[in-house]
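Novice: Got a file for you: entry_4.txt, compact mmCIF, C-alpha atoms and all ligand atoms.
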# COMPACT_ATOMS: atom_id res chain seq x y z
CA MET A 1 -28.31 108.56 70.31
CA LYS A 2 -30.67 108.59 67.34
CA ASN A 3 -27.92 107.45 65.00
CA THR A 4 -26.85 104.67 67.34
CA ALA A 5 -30.41 103.39 67.50
CA ARG A 6 -30.65 103.40 63.72
CA LEU A 7 -27.37 101.60 63.43
CA VAL A 8 -28.48 98.84 65.77
CA LEU A 9 -31.75 98.44 63.91
CA LYS A 10 -30.06 98.13 60.53
CA ASN A 11 -27.54 95.73 61.94
CA SER A 12 -30.16 93.38 63.30
CA PHE A 13 -32.49 93.30 60.31
CA LYS A 14 -30.23 93.53 57.25
CA PRO A 15 -28.20 90.55 56.11
CA SER A 16 -24.50 91.45 55.88
CA CYS A 17 -23.05 92.13 52.42
CA ARG A 18 -20.90 89.44 50.86
CA SER A 19 -19.47 91.45 47.96
CA PHE A 20 -18.77 95.08 47.18
CA SER A 21 -21.44 95.22 44.47
CA THR A 22 -24.24 94.05 46.81
CA CYS A 23 -23.03 96.56 49.43
CA GLN A 24 -23.55 99.31 46.88
CA MET A 25 -27.16 98.26 46.39
CA GLN A 26 -28.17 97.88 50.05
CA GLN A 27 -27.89 100.15 53.03
CA GLY A 28 -24.85 99.04 55.00
CA ILE A 29 -24.27 98.92 58.72
CA TRP A 30 -22.59 102.36 58.53
CA ALA A 31 -25.52 104.03 56.79
CA GLY A 32 -26.20 106.04 59.94
CA VAL A 33 -22.90 107.89 59.53
CA ASN A 34 -23.57 111.29 58.01
CA TYR A 35 -21.25 113.05 55.58
CA ALA A 36 -19.15 115.68 57.37
CA PRO A 37 -17.72 118.44 55.21
CA LEU A 38 -14.21 119.64 56.07
CA ASP A 39 -13.76 123.05 57.65
CA ALA A 40 -14.11 126.19 55.55
CA ILE A 41 -10.40 126.55 54.77
CA LYS A 42 -10.02 123.01 53.42
CA GLN A 43 -13.34 123.38 51.60
CA LEU A 44 -12.04 126.49 49.86
CA THR A 45 -9.07 124.56 48.42
CA ILE A 46 -11.46 121.90 47.12
CA SER A 47 -13.61 124.55 45.36
CA PHE A 48 -10.44 126.14 43.94
CA ASN A 49 -9.23 122.79 42.56
CA GLN A 50 -12.62 122.28 40.89
CA ASP A 51 -12.54 125.72 39.21
CA THR A 52 -11.40 125.28 35.60
CA ALA A 53 -10.58 128.98 34.98
CA PRO A 54 -6.94 129.26 33.88
CA ASN A 55 -6.39 132.55 35.74
CA LYS A 56 -7.66 131.38 39.15
CA ILE A 57 -5.75 132.49 42.26
CA LEU A 58 -5.79 130.79 45.69
CA LEU A 59 -5.24 133.01 48.75
CA GLY A 60 -6.62 130.47 51.22
CA GLU A 61 -4.55 127.96 53.18
CA GLY A 62 -1.64 129.05 55.34
CA VAL A 63 1.17 127.43 53.41
CA TYR A 64 4.22 129.22 52.05
CA ARG A 65 4.62 129.54 48.30
CA THR A 66 7.59 130.93 46.35
CA ASN A 67 7.24 133.81 43.90
CA GLU A 68 6.66 131.08 41.30
CA GLY A 69 3.76 129.73 43.36
CA LYS A 70 5.66 126.58 44.34
CA PRO A 71 6.19 124.90 47.74
CA LYS A 72 9.60 125.59 49.28
CA THR A 73 11.99 123.22 51.01
CA LEU A 74 14.52 125.25 52.98
CA PRO A 75 18.20 124.74 51.98
CA SER A 76 19.10 124.22 55.67
CA VAL A 77 16.53 121.41 55.88
CA ARG A 78 17.86 119.84 52.65
CA GLU A 79 21.35 119.77 54.17
CA ALA A 80 20.02 118.23 57.38
CA GLU A 81 18.29 115.52 55.30
CA LYS A 82 21.66 114.57 53.76
CA ILE A 83 23.40 114.45 57.15
CA ILE A 84 20.66 112.24 58.60
CA PHE A 85 20.68 109.95 55.57
CA GLU A 86 24.46 109.53 55.74
CA LYS A 87 24.29 108.58 59.42
CA GLY A 88 22.24 105.51 58.48
CA LEU A 89 20.13 105.78 61.64
CA ASP A 90 17.71 103.06 62.74
CA HIS A 91 13.94 103.37 63.04
CA GLU A 92 13.44 102.20 66.60
CA TYR A 93 10.68 103.72 68.75
CA PRO A 94 11.75 107.04 70.29
CA PRO A 95 10.81 107.64 73.95
CA VAL A 96 7.07 108.25 74.48
CA THR A 97 7.70 111.93 75.27
CA GLY A 98 9.88 112.39 72.19
CA VAL A 99 13.42 112.39 70.85
CA VAL A 100 15.51 113.58 73.81
CA ASP A 101 17.82 115.88 71.84
CA PHE A 102 14.85 117.38 70.03
CA CYS A 103 13.09 118.19 73.31
CA LYS A 104 16.22 119.97 74.57
CA ALA A 105 16.69 121.84 71.28
CA THR A 106 13.08 122.94 70.95
CA GLN A 107 12.98 124.16 74.56
CA LYS A 108 16.10 126.27 73.97
CA PHE A 109 14.71 127.57 70.69
CA ALA A 110 11.52 128.73 72.42
CA PHE A 111 12.77 129.98 75.77
CA GLY A 112 16.33 131.01 74.83
CA GLU A 113 17.87 128.52 77.26
CA ASN A 114 17.24 125.12 78.81
CA SER A 115 15.67 124.95 82.21
CA ASP A 116 15.17 122.13 84.70
CA ARG A 117 11.70 123.48 85.49
CA ILE A 118 10.23 123.31 81.97
CA ALA A 119 8.48 120.11 80.94
CA THR A 120 8.84 119.59 77.17
CA VAL A 121 7.39 116.80 75.07
CA GLN A 122 7.43 116.25 71.32
CA SER A 123 4.05 116.64 69.60
CA ILE A 124 2.37 115.99 66.27
CA SER A 125 3.05 119.55 65.03
CA GLY A 126 1.10 122.51 66.43
CA THR A 127 -2.30 120.84 66.19
CA GLY A 128 -1.07 117.83 68.16
CA SER A 129 0.47 120.14 70.72
CA LEU A 130 -2.88 121.90 71.18
CA CYS A 131 -4.55 118.48 71.54
CA LEU A 132 -2.09 117.63 74.33
CA ALA A 133 -2.83 121.01 75.93
CA ALA A 134 -6.57 120.36 75.78
CA CYS A 135 -6.17 116.87 77.30
CA TYR A 136 -3.83 118.18 79.99
CA ILE A 137 -6.17 121.05 80.94
CA LYS A 138 -9.14 118.71 80.99
CA LYS A 139 -7.34 116.24 83.20
CA PHE A 140 -5.66 118.58 85.67
CA LEU A 141 -7.78 121.74 85.96
CA PRO A 142 -11.25 121.84 87.59
CA ALA A 143 -14.08 120.63 85.36
CA ASP A 144 -15.67 124.09 85.11
CA THR A 145 -12.49 125.86 83.96
CA LYS A 146 -13.15 128.05 80.94
CA VAL A 147 -10.65 128.39 78.10
CA TYR A 148 -10.82 131.83 76.45
CA PHE A 149 -9.87 132.26 72.78
CA PRO A 150 -9.39 135.58 71.02
CA ASN A 151 -12.22 136.62 68.71
CA PRO A 152 -11.51 135.72 65.98
CA THR A 153 -9.09 132.84 66.26
CA TRP A 154 -7.80 129.92 64.22
CA VAL A 155 -10.97 127.89 63.74
CA ASN A 156 -9.33 124.63 64.78
CA HIS A 157 -8.88 125.92 68.34
CA PHE A 158 -12.62 125.39 68.88
CA ASN A 159 -12.61 122.02 67.14
CA ILE A 160 -9.66 120.70 69.14
CA PHE A 161 -11.15 121.62 72.50
CA ARG A 162 -14.63 120.42 71.52
CA ALA A 163 -13.09 117.09 70.54
CA GLN A 164 -11.77 116.79 74.10
CA GLY A 165 -15.27 117.27 75.46
CA PHE A 166 -15.23 121.02 76.15
CA THR A 167 -18.80 122.24 75.76
CA ASP A 168 -19.28 125.61 74.05
CA ASP A 169 -19.90 127.44 77.34
CA ARG A 170 -16.39 126.39 78.40
CA ILE A 171 -14.68 127.87 75.33
CA PRO A 172 -15.82 131.50 75.19
CA THR A 173 -13.93 134.30 73.44
CA TYR A 174 -12.43 137.62 74.45
CA ARG A 175 -12.58 140.66 72.20
CA TYR A 176 -9.48 140.93 70.03
CA PHE A 177 -10.01 142.49 66.61
CA ASP A 178 -11.46 145.93 66.05
CA LYS A 179 -13.27 146.07 62.70
CA LYS A 180 -13.33 149.85 62.78
CA THR A 181 -9.55 150.22 62.89
CA ASN A 182 -8.56 146.83 61.45
CA GLY A 183 -6.25 146.67 64.48
CA MET A 184 -6.37 145.22 67.97
CA ASP A 185 -9.23 146.05 70.33
CA VAL A 186 -6.82 146.53 73.22
CA GLN A 187 -9.38 147.91 75.63
CA GLY A 188 -11.90 145.15 74.83
CA ALA A 189 -9.30 142.39 75.21
CA LEU A 190 -8.04 143.71 78.54
CA GLU A 191 -11.57 144.12 79.88
CA ASP A 192 -12.69 140.64 78.85
CA ILE A 193 -9.58 138.97 80.24
CA LYS A 194 -10.08 140.88 83.47
CA ASN A 195 -13.76 139.91 83.64
CA ALA A 196 -13.11 136.22 83.01
CA PRO A 197 -13.57 134.07 86.14
CA ALA A 198 -10.35 133.80 88.16
CA LYS A 199 -8.12 130.89 87.13
CA SER A 200 -9.47 130.68 83.59
CA VAL A 201 -7.17 129.61 80.77
CA ILE A 202 -6.34 132.44 78.36
CA LEU A 203 -5.13 131.36 74.93
CA LEU A 204 -2.79 133.85 73.29
CA HIS A 205 -1.22 133.71 69.83
CA ALA A 206 2.51 134.22 70.44
CA CYS A 207 2.98 136.19 67.20
CA ALA A 208 1.43 136.57 63.73
CA HIS A 209 -2.11 136.17 65.04
CA ASN A 210 -4.18 133.92 62.77
CA PRO A 211 -6.42 135.08 61.07
CA THR A 212 -5.90 138.82 61.67
CA GLY A 213 -2.13 139.36 61.47
CA VAL A 214 -2.61 141.82 64.36
CA ASP A 215 -0.31 141.38 67.37
CA PRO A 216 -0.24 143.21 70.72
CA THR A 217 2.62 145.69 71.21
CA MET A 218 5.12 144.85 73.98
CA ASP A 219 3.36 147.42 76.12
CA THR A 220 0.04 145.62 75.61
CA TRP A 221 1.64 142.23 76.29
CA LYS A 222 2.80 143.59 79.64
CA LYS A 223 -0.73 144.76 80.45
CA ILE A 224 -2.16 141.35 79.53
CA SER A 225 0.49 139.71 81.70
CA ASP A 226 -0.38 141.95 84.66
CA ILE A 227 -4.10 141.18 84.39
CA CYS A 228 -3.48 137.44 84.03
CA LYS A 229 -1.33 137.58 87.16
CA GLU A 230 -3.95 139.53 89.09
CA LYS A 231 -6.66 137.05 88.08
CA GLN A 232 -4.40 134.00 88.52
CA HIS A 233 -5.24 132.93 84.98
CA TYR A 234 -3.45 130.04 83.34
CA VAL A 235 -1.81 131.17 80.12
CA LEU A 236 -1.65 129.01 77.01
CA PHE A 237 0.52 130.36 74.18
CA ASP A 238 0.09 129.06 70.65
CA SER A 239 3.36 129.64 68.81
CA ALA A 240 2.95 128.48 65.22
CA TYR A 241 5.11 131.15 63.56
CA GLN A 242 8.30 131.73 65.60
CA ALA A 243 10.73 133.51 63.22
CA PHE A 244 8.29 133.32 60.33
CA ALA A 245 6.59 136.57 61.41
CA SER A 246 9.46 139.02 61.84
CA GLY A 247 12.25 136.93 60.31
CA ASP A 248 13.93 136.57 63.72
CA ALA A 249 13.32 133.75 66.21
CA ASN A 250 14.10 135.81 69.32
CA THR A 251 11.88 138.72 68.31
CA ASP A 252 8.92 136.40 67.75
CA ALA A 253 9.45 134.76 71.16
CA GLN A 254 9.34 138.05 73.05
CA SER A 255 5.69 137.70 74.07
CA PHE A 256 5.93 134.40 75.94
CA ARG A 257 9.46 135.06 77.22
CA LEU A 258 8.09 138.21 78.85
CA PHE A 259 5.38 136.15 80.57
CA VAL A 260 7.99 133.69 81.88
CA LYS A 261 10.13 136.60 83.11
CA GLU A 262 7.06 137.99 84.86
CA GLY A 263 6.64 134.72 86.74
CA HIS A 264 3.84 133.02 84.77
CA GLN A 265 4.01 129.24 84.57
CA ILE A 266 2.80 129.21 80.99
CA MET A 267 1.88 126.38 78.65
CA LEU A 268 3.40 126.74 75.18
CA CYS A 269 2.47 124.96 71.96
CA GLN A 270 5.10 124.97 69.20
CA SER A 271 4.90 124.09 65.53
CA TYR A 272 7.72 123.67 63.02
CA ALA A 273 5.36 123.59 60.03
CA LYS A 274 5.79 127.17 58.83
CA ASN A 275 9.16 128.30 60.18
CA PHE A 276 11.01 125.18 58.96
CA GLY A 277 8.66 124.42 56.04
CA LEU A 278 8.05 121.00 57.64
CA TYR A 279 4.28 120.96 57.11
CA GLY A 280 4.02 117.26 56.34
CA GLN A 281 6.53 116.03 58.93
CA ARG A 282 4.15 116.96 61.77
CA ILE A 283 6.78 118.14 64.20
CA GLY A 284 6.13 120.34 67.22
CA ALA A 285 6.29 120.42 70.99
CA PHE A 286 4.22 121.08 74.09
CA ASN A 287 5.89 122.82 77.03
CA VAL A 288 4.72 123.50 80.57
CA VAL A 289 6.71 125.85 82.79
CA THR A 290 6.58 124.58 86.36
CA GLU A 291 7.95 125.64 89.74
CA ASN A 292 10.85 123.21 90.06
CA ALA A 293 12.53 120.08 88.73
CA GLU A 294 10.24 117.80 90.73
CA GLU A 295 7.09 119.34 89.23
CA LYS A 296 8.62 119.24 85.77
CA LYS A 297 9.24 115.50 86.15
CA ASN A 298 5.66 114.92 87.29
CA VAL A 299 4.11 116.99 84.50
CA GLU A 300 6.26 115.26 81.88
CA SER A 301 5.27 111.86 83.23
CA GLN A 302 1.56 112.75 82.96
CA LEU A 303 2.00 114.04 79.41
CA GLY A 304 3.69 110.73 78.67
CA ILE A 305 0.55 108.90 79.85
CA ILE A 306 -1.63 111.04 77.56
CA ILE A 307 0.68 110.45 74.57
CA ARG A 308 0.92 106.71 75.23
CA THR A 309 -2.85 106.30 74.97
CA GLN A 310 -3.20 108.45 71.87
CA TYR A 311 -0.36 107.55 69.53
CA SER A 312 2.17 105.83 71.79
CA ASN A 313 5.32 107.45 70.36
CA PRO A 314 5.91 110.47 68.13
CA PRO A 315 7.52 110.18 64.66
CA LEU A 316 11.29 110.42 64.26
CA HIS A 317 12.18 112.16 61.03
CA GLY A 318 10.88 115.70 61.67
CA ALA A 319 12.46 115.67 65.12
CA ARG A 320 15.79 114.63 63.62
CA LEU A 321 15.59 117.37 60.98
CA VAL A 322 14.84 120.18 63.45
CA THR A 323 17.48 118.93 65.92
CA THR A 324 20.14 118.69 63.22
CA VAL A 325 19.44 122.23 62.01
CA LEU A 326 19.30 123.76 65.48
CA ASN A 327 22.35 121.90 66.82
CA THR A 328 24.66 122.39 63.82
CA PRO A 329 26.00 125.97 63.89
CA GLU A 330 26.41 126.30 60.09
CA LEU A 331 22.93 124.91 59.45
CA LYS A 332 21.41 127.12 62.13
CA ALA A 333 23.02 130.15 60.45
CA GLN A 334 21.69 128.98 57.08
CA TRP A 335 18.21 128.45 58.54
CA GLU A 336 18.23 132.00 59.95
CA LYS A 337 18.82 133.24 56.40
CA ASP A 338 16.21 130.86 54.97
CA VAL A 339 13.43 131.88 57.31
CA LYS A 340 14.23 135.59 56.93
CA GLU A 341 13.86 135.16 53.19
CA LEU A 342 10.34 133.76 53.74
CA ALA A 343 9.35 136.56 56.10
CA ASP A 344 10.82 139.22 53.78
CA ARG A 345 8.89 137.94 50.76
CA ILE A 346 5.66 138.12 52.77
CA LYS A 347 6.45 141.69 53.85
CA LEU A 348 7.29 142.64 50.26
CA MET A 349 3.98 141.22 48.99
CA ARG A 350 2.04 143.20 51.59
CA ALA A 351 3.72 146.40 50.39
CA LYS A 352 3.21 145.47 46.70
CA LEU A 353 -0.49 144.79 47.23
CA VAL A 354 -1.03 148.20 48.82
CA GLU A 355 1.09 149.85 46.11
CA GLU A 356 -0.94 148.19 43.33
CA LEU A 357 -4.24 149.11 45.02
CA LYS A 358 -3.17 152.75 44.96
CA LYS A 359 -1.98 152.41 41.34
CA VAL A 360 -5.40 151.21 40.17
CA GLY A 361 -7.05 154.17 41.88
CA SER A 362 -8.28 152.81 45.22
CA THR A 363 -8.63 155.68 47.65
CA ARG A 364 -9.37 153.40 50.64
CA ASP A 365 -6.99 153.20 53.56
CA TRP A 366 -5.21 149.86 53.15
CA SER A 367 -2.43 150.63 55.63
CA HIS A 368 -3.60 147.80 57.91
CA ILE A 369 -2.29 145.34 55.30
CA THR A 370 1.28 146.55 55.85
CA ASN A 371 0.78 147.05 59.58
CA GLN A 372 -0.29 143.45 60.08
CA ILE A 373 2.33 140.69 60.27
CA GLY A 374 2.79 137.05 59.28
CA MET A 375 1.12 134.72 56.86
CA PHE A 376 -2.28 136.44 56.80
CA ALA A 377 -3.81 139.81 56.11
CA PHE A 378 -7.26 140.55 57.41
CA SER A 379 -8.24 142.64 54.42
CA GLY A 380 -11.47 144.15 55.73
CA LEU A 381 -13.39 142.77 52.70
CA ASN A 382 -16.86 141.60 53.62
CA GLU A 383 -18.50 138.28 52.69
CA GLN A 384 -20.31 139.77 49.69
CA GLN A 385 -17.08 141.19 48.30
CA VAL A 386 -15.27 137.89 48.90
CA THR A 387 -18.02 136.03 47.03
CA LYS A 388 -17.78 138.48 44.13
CA LEU A 389 -14.01 137.97 43.97
CA LYS A 390 -14.55 134.22 43.73
CA GLU A 391 -17.43 134.23 41.26
CA GLU A 392 -16.32 137.02 38.95
CA TYR A 393 -12.51 137.00 39.27
CA HIS A 394 -11.73 133.41 40.38
CA ILE A 395 -9.82 134.73 43.39
CA TYR A 396 -10.31 132.54 46.47
CA MET A 397 -10.04 133.65 50.11
CA THR A 398 -11.96 132.77 53.28
CA LYS A 399 -15.34 134.46 53.84
CA ASP A 400 -13.96 136.64 56.61
CA GLY A 401 -11.71 138.40 54.07
CA ARG A 402 -8.51 136.72 55.23
CA ILE A 403 -5.81 136.72 52.55
CA SER A 404 -2.99 134.21 52.71
CA ILE A 405 -0.25 136.61 51.59
CA SER A 406 2.05 133.82 50.45
CA GLY A 407 -0.40 133.12 47.61
CA LEU A 408 0.56 136.51 46.15
CA ASN A 409 3.51 136.90 43.81
CA THR A 410 4.87 139.42 41.32
CA ASN A 411 2.82 137.77 38.55
CA ASN A 412 -0.59 137.97 40.23
CA VAL A 413 -0.48 140.83 42.75
CA ALA A 414 -1.63 143.48 40.22
CA THR A 415 -4.57 141.26 39.15
CA VAL A 416 -5.60 140.75 42.78
CA ALA A 417 -5.31 144.47 43.55
CA LYS A 418 -7.41 145.40 40.52
CA ALA A 419 -10.13 142.92 41.47
CA MET A 420 -10.09 144.06 45.10
CA HIS A 421 -10.50 147.64 43.91
CA GLU A 422 -13.40 146.65 41.63
CA VAL A 423 -15.33 144.97 44.46
CA THR A 424 -14.67 147.71 47.03
CA LYS A 425 -15.26 150.93 45.06
CA ASN A 426 -18.70 152.00 46.34
C1 LIG B 501 -2.56 129.70 65.13
C2 LIG B 501 -2.18 128.33 64.67
N1 LIG B 501 -1.96 127.38 65.58
C3 LIG B 501 -1.62 126.15 65.24
C4 LIG B 501 -1.47 125.80 63.92
C5 LIG B 501 -1.08 124.37 63.71
O1 LIG B 501 -0.48 124.02 62.57
P1 LIG B 501 0.24 122.61 62.39
O2 LIG B 501 -0.57 121.59 63.07
O3 LIG B 501 0.29 122.44 60.92
O4 LIG B 501 1.58 122.76 63.02
C6 LIG B 501 -1.71 126.74 62.91
C7 LIG B 501 -1.64 126.41 61.51
O5 LIG B 501 -2.16 127.04 60.64
C8 LIG B 501 -2.06 128.05 63.31
O6 LIG B 501 -2.26 129.02 62.43
Would it be possible to restate this file's structure as structure tokens?
Ligand SMILES: Cc1ncc(COP(=O)(O)O)c(C=O)c1O
Specialist:
Amino acid sequence: MKNTARLVLKNSFKPSCRSFSTCQMQQGIWAGVNYAPLDAIKQLTISFNQDTAPNKILLGEGVYRTNEGKPKTLPSVREAEKIIFEKGLDHEYPPVTGVVDFCKATQKFAFGENSDRIATVQSISGTGSLCLAACYIKKFLPADTKVYFPNPTWVNHFNIFRAQGFTDDRIPTYRYFDKKTNGMDVQGALEDIKNAPAKSVILLHACAHNPTGVDPTMDTWKKISDICKEKQHYVLFDSAYQAFASGDANTDAQSFRLFVKEGHQIMLCQSYAKNFGLYGQRIGAFNVVTENAEEKKNVESQLGIIIRTQYSNPPLHGARLVTTVLNTPELKAQWEKDVKELADRIKLMRAKLVEELKKVGSTRDWSHITNQIGMFAFSGLNEQQVTKLKEEYHIYMTKDGRISISGLNTNNVATVAKAMHEVTKN
């Protein structure tokens, strides 16, 4: 309100600028717009890029790097690119709800089979899928519905829902991580989900929980499912790492497939950023399991309305790449090898880090690093130790002690372990 008033005032009293140089001298009509720093993870990369130390190491953003510290394009995706190029396809608008073959392929990839009661629309990667989920929940669930996130969670979950108008009292958290054990607070999570008002939305990370790398066991998933059923909660799964966590797509889908088997009509957000290495193509999907084909049609039509007002149609290329890989048996087999290679390197680096910590004399229990799964390790380092790592050793990670394991490689893992030991001994 204050800003708007200031903007109006400036607009009415200042003459408009005629050239760039005069604009620089005067306050412009947008002077009421404050600078907004990016979130902590993006900010960390900026600080890292500004650091001139030659030996600096970035363990921040969740992007895969090879052992040489380079981005990786999967061989299966490279092959798909050639096939698509040779087809000489046009660049017409795809349907509002997405490339039809992609929607079928992504549904099968997630749920193991196609179903005439699952509404599936293409999305702008995982973030866009969560935006659709937030819009859909806002539009079709009562205005006081609360959406529960695990504590901690991927920080953008809060931002996405806030951007759709969810006030902070509508996006509370349930206990998830136990700092004492560096594992899951099973009891706390179950209690909080049980105590949430009936018909709340419970957001669950399908696998490779970000930022902790701690996932429920199948036994715990079943307990969560039972409580959600008892409380008639709506369940929203965020699946940003299917196959990237364990190396196998079916294993990483076990959580939400169990919920479907148990009769939940879940919502599922998918991303192909990490598991296909398609970060910049912004390809994903949003799925809603419904009761029957009629409901599916209705839900899909409503998602189409949301999409039409936001970006009208999704982009083509990422959808074509994923569809080509998933629908071409040889490429699918190649992709299975490709993604396993990524998951295996992450697992190897977890083991190496613990091995090197022992080698340099750390007597702490670091077993949680190998017990956790996926892109991130929640190291247990506190903010002071993280700051020391940055200032004295030029090693960058988020303040909560989250390490992006893919930033480790055989050239830097010993250096990181030594520094971690230095900041944690006493
Ligand atoms: C838990 C979780 N959800 C969703 C996303 C969305 O990623 P993208 O929009 O790049 O697909 C990420 C990415 O880091 C994530 O970790």
Novice: Could you give me, as a tab-separated table, every chain A residue with an atom at most 8 Å from ligand LIG 501 (chain B), plus its closest atom pair and distance in Å to one decimal, counting all atoms listed in the file, rows ordered by chain then number?
Specialist:
residue	atom	partner	partner_atom	distance
A:Glu61	CA	B:LIG501	O5	7.9
A:Gly62	CA	B:LIG501	O5	5.7
A:Val63	CA	B:LIG501	O5	8.0
A:Ile124	CA	B:LIG501	O2	7.1
A:Ser125	CA	B:LIG501	O4	4.1
A:Gly126	CA	B:LIG501	O4	3.5
A:Thr127	CA	B:LIG501	O2	3.6
A:Gly128	CA	B:LIG501	O2	6.3
A:Ser129	CA	B:LIG501	O2	7.9
A:Leu130	CA	B:LIG501	C3	7.4
A:Thr153	CA	B:LIG501	C1	7.3
A:Trp154	CA	B:LIG501	C1	5.3
A:Asn156	CA	B:LIG501	C3	7.9
A:His157	CA	B:LIG501	N1	7.6
A:His205	CA	B:LIG501	C1	6.3
A:His209	CA	B:LIG501	C1	6.5
A:Asn210	CA	B:LIG501	C1	5.1
A:Pro211	CA	B:LIG501	O6	7.5
A:Asp238	CA	B:LIG501	N1	5.7
A:Ser239	CA	B:LIG501	N1	6.6
A:Ala240	CA	B:LIG501	N1	5.0
A:Tyr241	CA	B:LIG501	O6	7.8
A:Cys269	CA	B:LIG501	C3	8.0
A:Gln270	CA	B:LIG501	O4	7.4
A:Ser271	CA	B:LIG501	O4	4.4
A:Tyr272	CA	B:LIG501	O4	6.2
A:Ala273	CA	B:LIG501	O4	4.9
A:Lys274	CA	B:LIG501	O4	7.4
A:Tyr279	CA	B:LIG501	O3	5.7
A:Gly280	CA	B:LIG501	O3	7.9
A:Arg282	CA	B:LIG501	O4	6.5
A:Ile283	CA	B:LIG501	O4	7.1
A:Gly284	CA	B:LIG501	O4	6.6
Novice: Go ahead and write the residues just picked, C-alpha atoms, as a CSV table (one decimal), in the frame of the given file.
Specialist:
chain,number,residue,atom,x,y,z
A,61,GLU,CA,-4.6,128.0,53.2
A,62,GLY,CA,-1.6,129.0,55.3
A,63,VAL,CA,1.2,127.4,53.4
A,124,ILE,CA,2.4,116.0,66.3
A,125,SER,CA,3.0,119.6,65.0
A,126,GLY,CA,1.1,122.5,66.4
A,127,THR,CA,-2.3,120.8,66.2
A,128,GLY,CA,-1.1,117.8,68.2
A,129,SER,CA,0.5,120.1,70.7
A,130,LEU,CA,-2.9,121.9,71.2
A,153,THR,CA,-9.1,132.8,66.3
A,154,TRP,CA,-7.8,129.9,64.2
A,156,ASN,CA,-9.3,124.6,64.8
A,157,HIS,CA,-8.9,125.9,68.3
A,205,HIS,CA,-1.2,133.7,69.8
A,209,HIS,CA,-2.1,136.2,65.0
A,210,ASN,CA,-4.2,133.9,62.8
A,211,PRO,CA,-6.4,135.1,61.1
A,238,ASP,CA,0.1,129.1,70.6
A,239,SER,CA,3.4,129.6,68.8
A,240,ALA,CA,3.0,128.5,65.2
A,241,TYR,CA,5.1,131.2,63.6
A,269,CYS,CA,2.5,125.0,72.0
A,270,GLN,CA,5.1,125.0,69.2
A,271,SER,CA,4.9,124.1,65.5
A,272,TYR,CA,7.7,123.7,63.0
A,273,ALA,CA,5.4,123.6,60.0
A,274,LYS,CA,5.8,127.2,58.8
A,279,TYR,CA,4.3,121.0,57.1
A,280,GLY,CA,4.0,117.3,56.3
A,282,ARG,CA,4.2,117.0,61.8
A,283,ILE,CA,6.8,118.1,64.2
A,284,GLY,CA,6.1,120.3,67.2
Novice: Just give me the gap between CA of Ile306 in chain A and CA of Gln232 in chain A in Å, one decimal is fine.
Specialist: 25.6 Å
Novice: With all atoms listed in the file counted and 9 Å as the cut-off, give the residues of range 275-373 of chain A in contact with range 94-98 of chain A, each with its shortest interatomic distance in Å and the pair that gives it, as JSON lines.
Specialist:
{"residue": "A:Ala285", "atom": "CA", "partner": "A:Gly98", "partner_atom": "CA", "distance": 8.9}
{"residue": "A:Glu300", "atom": "CA", "partner": "A:Thr97", "partner_atom": "CA", "distance": 7.5}
{"residue": "A:Ser301", "atom": "CA", "partner": "A:Thr97", "partner_atom": "CA", "distance": 8.3}
{"residue": "A:Leu303", "atom": "CA", "partner": "A:Thr97", "partner_atom": "CA", "distance": 7.4}
{"residue": "A:Gly304", "atom": "CA", "partner": "A:Thr97", "partner_atom": "CA", "distance": 5.4}
{"residue": "A:Ile305", "atom": "CA", "partner": "A:Val96", "partner_atom": "CA", "distance": 8.5}
{"residue": "A:Ile307", "atom": "CA", "partner": "A:Val96", "partner_atom": "CA", "distance": 6.8}
{"residue": "A:Arg308", "atom": "CA", "partner": "A:Val96", "partner_atom": "CA", "distance": 6.4}
{"residue": "A:Tyr311", "atom": "CA", "partner": "A:Val96", "partner_atom": "CA", "distance": 9.0}
{"residue": "A:Ser312", "atom": "CA", "partner": "A:Val96", "partner_atom": "CA", "distance": 6.1}
{"residue": "A:Asn313", "atom": "CA", "partner": "A:Val96", "partner_atom": "CA", "distance": 4.5}
{"residue": "A:Pro314", "atom": "CA", "partner": "A:Gly98", "partner_atom": "CA", "distance": 6.0}
{"residue": "A:Pro315", "atom": "CA", "partner": "A:Pro94", "partner_atom": "CA", "distance": 7.7}
{"residue": "A:Leu316", "atom": "CA", "partner": "A:Pro94", "partner_atom": "CA", "distance": 6.9}
{"residue": "A:Ala319", "atom": "CA", "partner": "A:Gly98", "partner_atom": "CA", "distance": 8.2}
Novice: Do you have the CA of Lys390 in chain A-CA of Thr363 in chain A distance handy?
Specialist: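 The value is 22.6 Å.
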Novice: At most 9 Å from (-8.2, 138.4, 91.6), file frame, all atoms listed in the file: which residues, as number ranges by chain?
Specialist: A: 194, 197-199, 227-232
Novice: For CA of Gly213 in chain A and CA of Asp226 in chain A, determine how far apart the two atoms are, in Å to one decimal place.
Specialist: 23.4 Å
Novice: Give me the residues within 10 Å of Gly247 in chain A as a compact mmCIF listing (two decimals) with C-alpha atoms, keeping the file's coordinate frame, counting all atoms listed in the file and dropping any in the same chain fewer than 5 places off.
Specialist:
# COMPACT_ATOMS: atom_id res chain seq x y z
CA TYR A 241 5.11 131.15 63.56
CA GLN A 242 8.30 131.73 65.60
CA ASP A 252 8.92 136.40 67.75
CA ASN A 275 9.16 128.30 60.18
CA GLU A 336 18.23 132.00 59.95
CA LYS A 337 18.82 133.24 56.40
CA ASP A 338 16.21 130.86 54.97
CA VAL A 339 13.43 131.88 57.31
CA LYS A 340 14.23 135.59 56.93
CA GLU A 341 13.86 135.16 53.19
CA LEU A 342 10.34 133.76 53.74
CA ALA A 343 9.35 136.56 56.10
CA ASP A 344 10.82 139.22 53.78
CA LYS A 347 6.45 141.69 53.85
CA GLY A 374 2.79 137.05 59.28
